[in-house]
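Novice: Quick one: structure below, then a few questions.
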Amino acid sequence: MKPSKEKDSVMNIFISYLKRKGYRKTHERFAILDEIYSISGHFDVESLYEKMKNKKYAVSIATLYNTIELLLECGLIKKHQFGENTSRYEKSFKGGNHDHLICTACGEVVEFWNPAVKEIQEAATVSTGFEVNYHALYFYGLCPKCKSHK
Ligand SMILES: [Zn+2]
Ligand SMILES: [Zn+2]
């Protein structure tokens with residue numbers, strides 16, 4: 001595992017979560033988290049499984065799903081349903097504050113970031129007294145390529 005500040009913080013969050021919940025700290029779980037945090041962008045469980053298998057990690061698909069559930073629960077990854085059957089995931093520690101545009105014709109997913117979204121979230125927090133942990137915002141339509149083929 002390549003050392004980095006981000007991975008250290010993420011590992012610590014995961015370790016304290018496992019401790020708090022009384023879950024076992026297994027090598028597989030840490031290897032999966034490490035692998036996920038090496039991926040930039042979105043991934044599905046099948047491709048993550050293939051990737052780890054190619055690296056000779058002996059991780060079962062059941063362990064993958066189980067660990068992904070844990071990572072979702074402690075907020076280290078986000079789950080997306082980009083208008084398709086398979087769920088896709090991405091890391092959500094810092095840099096995860098972007099939203100998505102989804103092409104309903106070809107399935108292309110484009111990320112964008114706009115400070116106004118954070119301002120809306122803050123305004124909602126103030127006016128309702130909520131403590132907001134995350135939000136989901138998706139725009140559906142046609143990507144430039146599909147738009148020109150219409
Ligand atoms: Zn498209
Ligand atoms: Zn994304």
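Identifiers for the structure tokens are assigned positionally: chains receive A, B, ... in sequence, residues are indexed from 1 per chain, and ligands are indexed from 1 in the order shown.
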Mind listing the residues within 10 Å of ligand 2, only C-alpha atoms and all ligand atoms counted, as a JSON list (two decimals) with N, CA and C atoms, in the first residue's frame?
Specialist:
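Okay, selection.json is ready:
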[["chain", "number", "residue", "atom", "x", "y", "z"],
["A", 40, "SER", "N", -9.82, 6.46, -9.26],
["A", 40, "SER", "CA", -10.40, 7.79, -9.37],
["A", 40, "SER", "C", -11.65, 7.67, -10.23],
["A", 41, "GLY", "N", -12.74, 8.19, -9.76],
["A", 41, "GLY", "CA", -13.99, 8.09, -10.51],
["A", 41, "GLY", "C", -14.89, 7.00, -9.98],
["A", 42, "HIS", "N", -15.82, 6.56, -10.82],
["A", 42, "HIS", "CA", -16.86, 5.64, -10.38],
["A", 42, "HIS", "C", -16.49, 4.20, -10.71],
["A", 43, "PHE", "N", -16.99, 3.28, -9.92],
["A", 43, "PHE", "CA", -16.72, 1.86, -10.21],
["A", 43, "PHE", "C", -17.92, 1.03, -9.77],
["A", 78, "LYS", "N", -19.70, 6.54, -1.53],
["A", 78, "LYS", "CA", -21.07, 6.92, -1.89],
["A", 78, "LYS", "C", -21.58, 5.94, -2.92],
["A", 79, "LYS", "N", -22.90, 5.71, -2.88],
["A", 79, "LYS", "CA", -23.50, 4.80, -3.84],
["A", 79, "LYS", "C", -24.32, 5.62, -4.83],
["A", 80, "HIS", "N", -24.20, 5.30, -6.11],
["A", 80, "HIS", "CA", -24.97, 6.00, -7.14],
["A", 80, "HIS", "C", -25.77, 5.01, -7.96],
["A", 88, "ARG", "N", -23.25, 2.05, -8.85],
["A", 88, "ARG", "CA", -21.86, 2.43, -8.94],
["A", 88, "ARG", "C", -21.48, 3.20, -7.69],
["A", 89, "TYR", "N", -20.21, 3.14, -7.38],
["A", 89, "TYR", "CA", -19.72, 3.72, -6.13],
["A", 89, "TYR", "C", -18.56, 4.64, -6.40],
["A", 90, "GLU", "N", -18.26, 5.48, -5.43],
["A", 90, "GLU", "CA", -17.03, 6.26, -5.48],
["A", 90, "GLU", "C", -16.64, 6.67, -4.08],
["A", 91, "LYS", "N", -15.35, 6.95, -3.93],
["A", 91, "LYS", "CA", -14.88, 7.38, -2.61],
["A", 91, "LYS", "C", -15.49, 8.73, -2.27],
["A", 92, "SER", "N", -15.69, 8.99, -0.98],
["A", 92, "SER", "CA", -16.35, 10.24, -0.65],
["A", 92, "SER", "C", -15.61, 11.04, 0.41],
["A", 95, "GLY", "N", -12.81, 15.94, -1.77],
["A", 95, "GLY", "CA", -12.96, 15.84, -3.21],
["A", 95, "GLY", "C", -14.26, 15.18, -3.68],
["A", 96, "GLY", "N", -15.08, 14.70, -2.72],
["A", 96, "GLY", "CA", -16.30, 14.01, -3.10],
["A", 96, "GLY", "C", -17.48, 14.95, -3.23],
["A", 97, "ASN", "N", -17.19, 16.24, -3.13],
["A", 97, "ASN", "CA", -18.28, 17.21, -3.14],
["A", 97, "ASN", "C", -18.67, 17.67, -4.53],
["A", 98, "HIS", "N", -18.90, 16.71, -5.41],
["A", 98, "HIS", "CA", -19.31, 17.08, -6.76],
["A", 98, "HIS", "C", -20.67, 16.45, -7.04],
["A", 99, "ASP", "N", -21.31, 16.90, -8.10],
["A", 99, "ASP", "CA", -22.59, 16.33, -8.49],
["A", 99, "ASP", "C", -22.48, 15.78, -9.91],
["A", 100, "HIS", "N", -23.57, 15.20, -10.38],
["A", 100, "HIS", "CA", -23.49, 14.44, -11.63],
["A", 100, "HIS", "C", -24.55, 14.81, -12.65],
["A", 101, "LEU", "N", -24.13, 14.80, -13.92],
["A", 101, "LEU", "CA", -25.04, 14.91, -15.06],
["A", 101, "LEU", "C", -25.03, 13.55, -15.74],
["A", 109, "VAL", "N", -21.64, 9.64, -17.69],
["A", 109, "VAL", "CA", -21.78, 10.39, -16.44],
["A", 109, "VAL", "C", -20.70, 11.45, -16.38],
["A", 110, "VAL", "N", -21.10, 12.69, -16.21],
["A", 110, "VAL", "CA", -20.14, 13.79, -16.14],
["A", 110, "VAL", "C", -20.26, 14.43, -14.76],
["A", 111, "GLU", "N", -19.12, 14.72, -14.17],
["A", 111, "GLU", "CA", -19.12, 15.35, -12.85],
["A", 111, "GLU", "C", -18.99, 16.86, -12.99],
["A", 112, "PHE", "N", -19.65, 17.58, -12.11],
["A", 112, "PHE", "CA", -19.42, 19.02, -12.08],
["A", 112, "PHE", "C", -19.41, 19.48, -10.64],
["A", 113, "TRP", "N", -18.82, 20.61, -10.41],
["A", 113, "TRP", "CA", -18.74, 21.16, -9.08],
["A", 113, "TRP", "C", -19.14, 22.62, -9.14]]
Novice: How would you write, as a PyMOL selection string, the set of residues in chain A that DSSP gives as strand (DSSP E)?
Specialist: chain A and resi 77-80+88-91+99-103+109-112+138-141
Novice: In Å to one decimal, how far is atom CA of A:Cys143 from atom CA of A:Gly107?
Specialist: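 The value is 8.9 Å.
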Novice: Counting only C-alpha atoms and all ligand atoms, what residues are within 9 Å of ligand 1, given as number ranges by chain?
Specialist: A: 102-109, 141-147
Novice: Within 9 Å of stretch 58-62 of chain A, counting only C-alpha atoms, which residues qualify if same-chain residues fewer than 3 places away don't, as a list in words?
Specialist: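 After dropping sequence-adjacent residues, the list is Glu28, Ile32, Val45, Glu46, Tyr49, Met52, Lys53, Lys55, Tyr65, Asn66 and Thr67 of chain A.
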Novice: Would you save the residues of that selection, restricted to N, CA, C and O atoms, as a PDB file, in the first residue's frame?
Specialist:
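File out.pdb, as written:
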ATOM      1  N   GLU A  28      -8.555  -8.384   4.464  1.00  0.00           N
ATOM      2  CA  GLU A  28      -9.373  -8.221   3.266  1.00  0.00           C
ATOM      3  C   GLU A  28     -10.047  -6.857   3.263  1.00  0.00           C
ATOM      4  O   GLU A  28     -10.036  -6.152   2.262  1.00  0.00           O
ATOM      5  N   ILE A  32      -9.458  -3.949   0.486  1.00  0.00           N
ATOM      6  CA  ILE A  32     -10.558  -3.438  -0.338  1.00  0.00           C
ATOM      7  C   ILE A  32     -10.623  -1.914  -0.247  1.00  0.00           C
ATOM      8  O   ILE A  32     -10.719  -1.211  -1.254  1.00  0.00           O
ATOM      9  N   VAL A  45     -19.127  -3.112  -8.504  1.00  0.00           N
ATOM     10  CA  VAL A  45     -18.528  -4.184  -7.712  1.00  0.00           C
ATOM     11  C   VAL A  45     -17.841  -5.219  -8.606  1.00  0.00           C
ATOM     12  O   VAL A  45     -16.749  -5.691  -8.291  1.00  0.00           O
ATOM     13  N   GLU A  46     -18.463  -5.546  -9.760  1.00  0.00           N
ATOM     14  CA  GLU A  46     -17.875  -6.529 -10.677  1.00  0.00           C
ATOM     15  C   GLU A  46     -16.471  -6.129 -11.124  1.00  0.00           C
ATOM     16  O   GLU A  46     -15.552  -6.934 -11.113  1.00  0.00           O
ATOM     17  N   TYR A  49     -13.994  -6.332  -8.350  1.00  0.00           N
ATOM     18  CA  TYR A  49     -13.670  -7.745  -8.122  1.00  0.00           C
ATOM     19  C   TYR A  49     -12.629  -8.228  -9.130  1.00  0.00           C
ATOM     20  O   TYR A  49     -11.633  -8.856  -8.754  1.00  0.00           O
ATOM     21  N   MET A  52      -9.178  -6.724  -8.403  1.00  0.00           N
ATOM     22  CA  MET A  52      -8.483  -7.318  -7.266  1.00  0.00           C
ATOM     23  C   MET A  52      -8.020  -8.729  -7.597  1.00  0.00           C
ATOM     24  O   MET A  52      -6.960  -9.165  -7.154  1.00  0.00           O
ATOM     25  N   LYS A  53      -8.827  -9.436  -8.392  1.00  0.00           N
ATOM     26  CA  LYS A  53      -8.455 -10.797  -8.786  1.00  0.00           C
ATOM     27  C   LYS A  53      -7.185 -10.770  -9.636  1.00  0.00           C
ATOM     28  O   LYS A  53      -6.296 -11.584  -9.445  1.00  0.00           O
ATOM     29  N   LYS A  55      -4.874  -8.732  -9.410  1.00  0.00           N
ATOM     30  CA  LYS A  55      -3.727  -8.426  -8.546  1.00  0.00           C
ATOM     31  C   LYS A  55      -3.459  -9.556  -7.565  1.00  0.00           C
ATOM     32  O   LYS A  55      -2.682  -9.409  -6.633  1.00  0.00           O
ATOM     33  N   TYR A  65     -19.038  -7.179  -1.284  1.00  0.00           N
ATOM     34  CA  TYR A  65     -20.338  -6.550  -1.018  1.00  0.00           C
ATOM     35  C   TYR A  65     -20.480  -6.180   0.456  1.00  0.00           C
ATOM     36  O   TYR A  65     -20.946  -5.099   0.804  1.00  0.00           O
ATOM     37  N   ASN A  66     -20.060  -7.090   1.313  1.00  0.00           N
ATOM     38  CA  ASN A  66     -20.143  -6.870   2.750  1.00  0.00           C
ATOM     39  C   ASN A  66     -19.303  -5.656   3.182  1.00  0.00           C
ATOM     40  O   ASN A  66     -19.761  -4.792   3.929  1.00  0.00           O
ATOM     41  N   THR A  67     -18.090  -5.562   2.659  1.00  0.00           N
ATOM     42  CA  THR A  67     -17.205  -4.443   3.020  1.00  0.00           C
ATOM     43  C   THR A  67     -17.738  -3.129   2.456  1.00  0.00           C
ATOM     44  O   THR A  67     -17.664  -2.086   3.117  1.00  0.00           O
TER      45      THR A  67
END
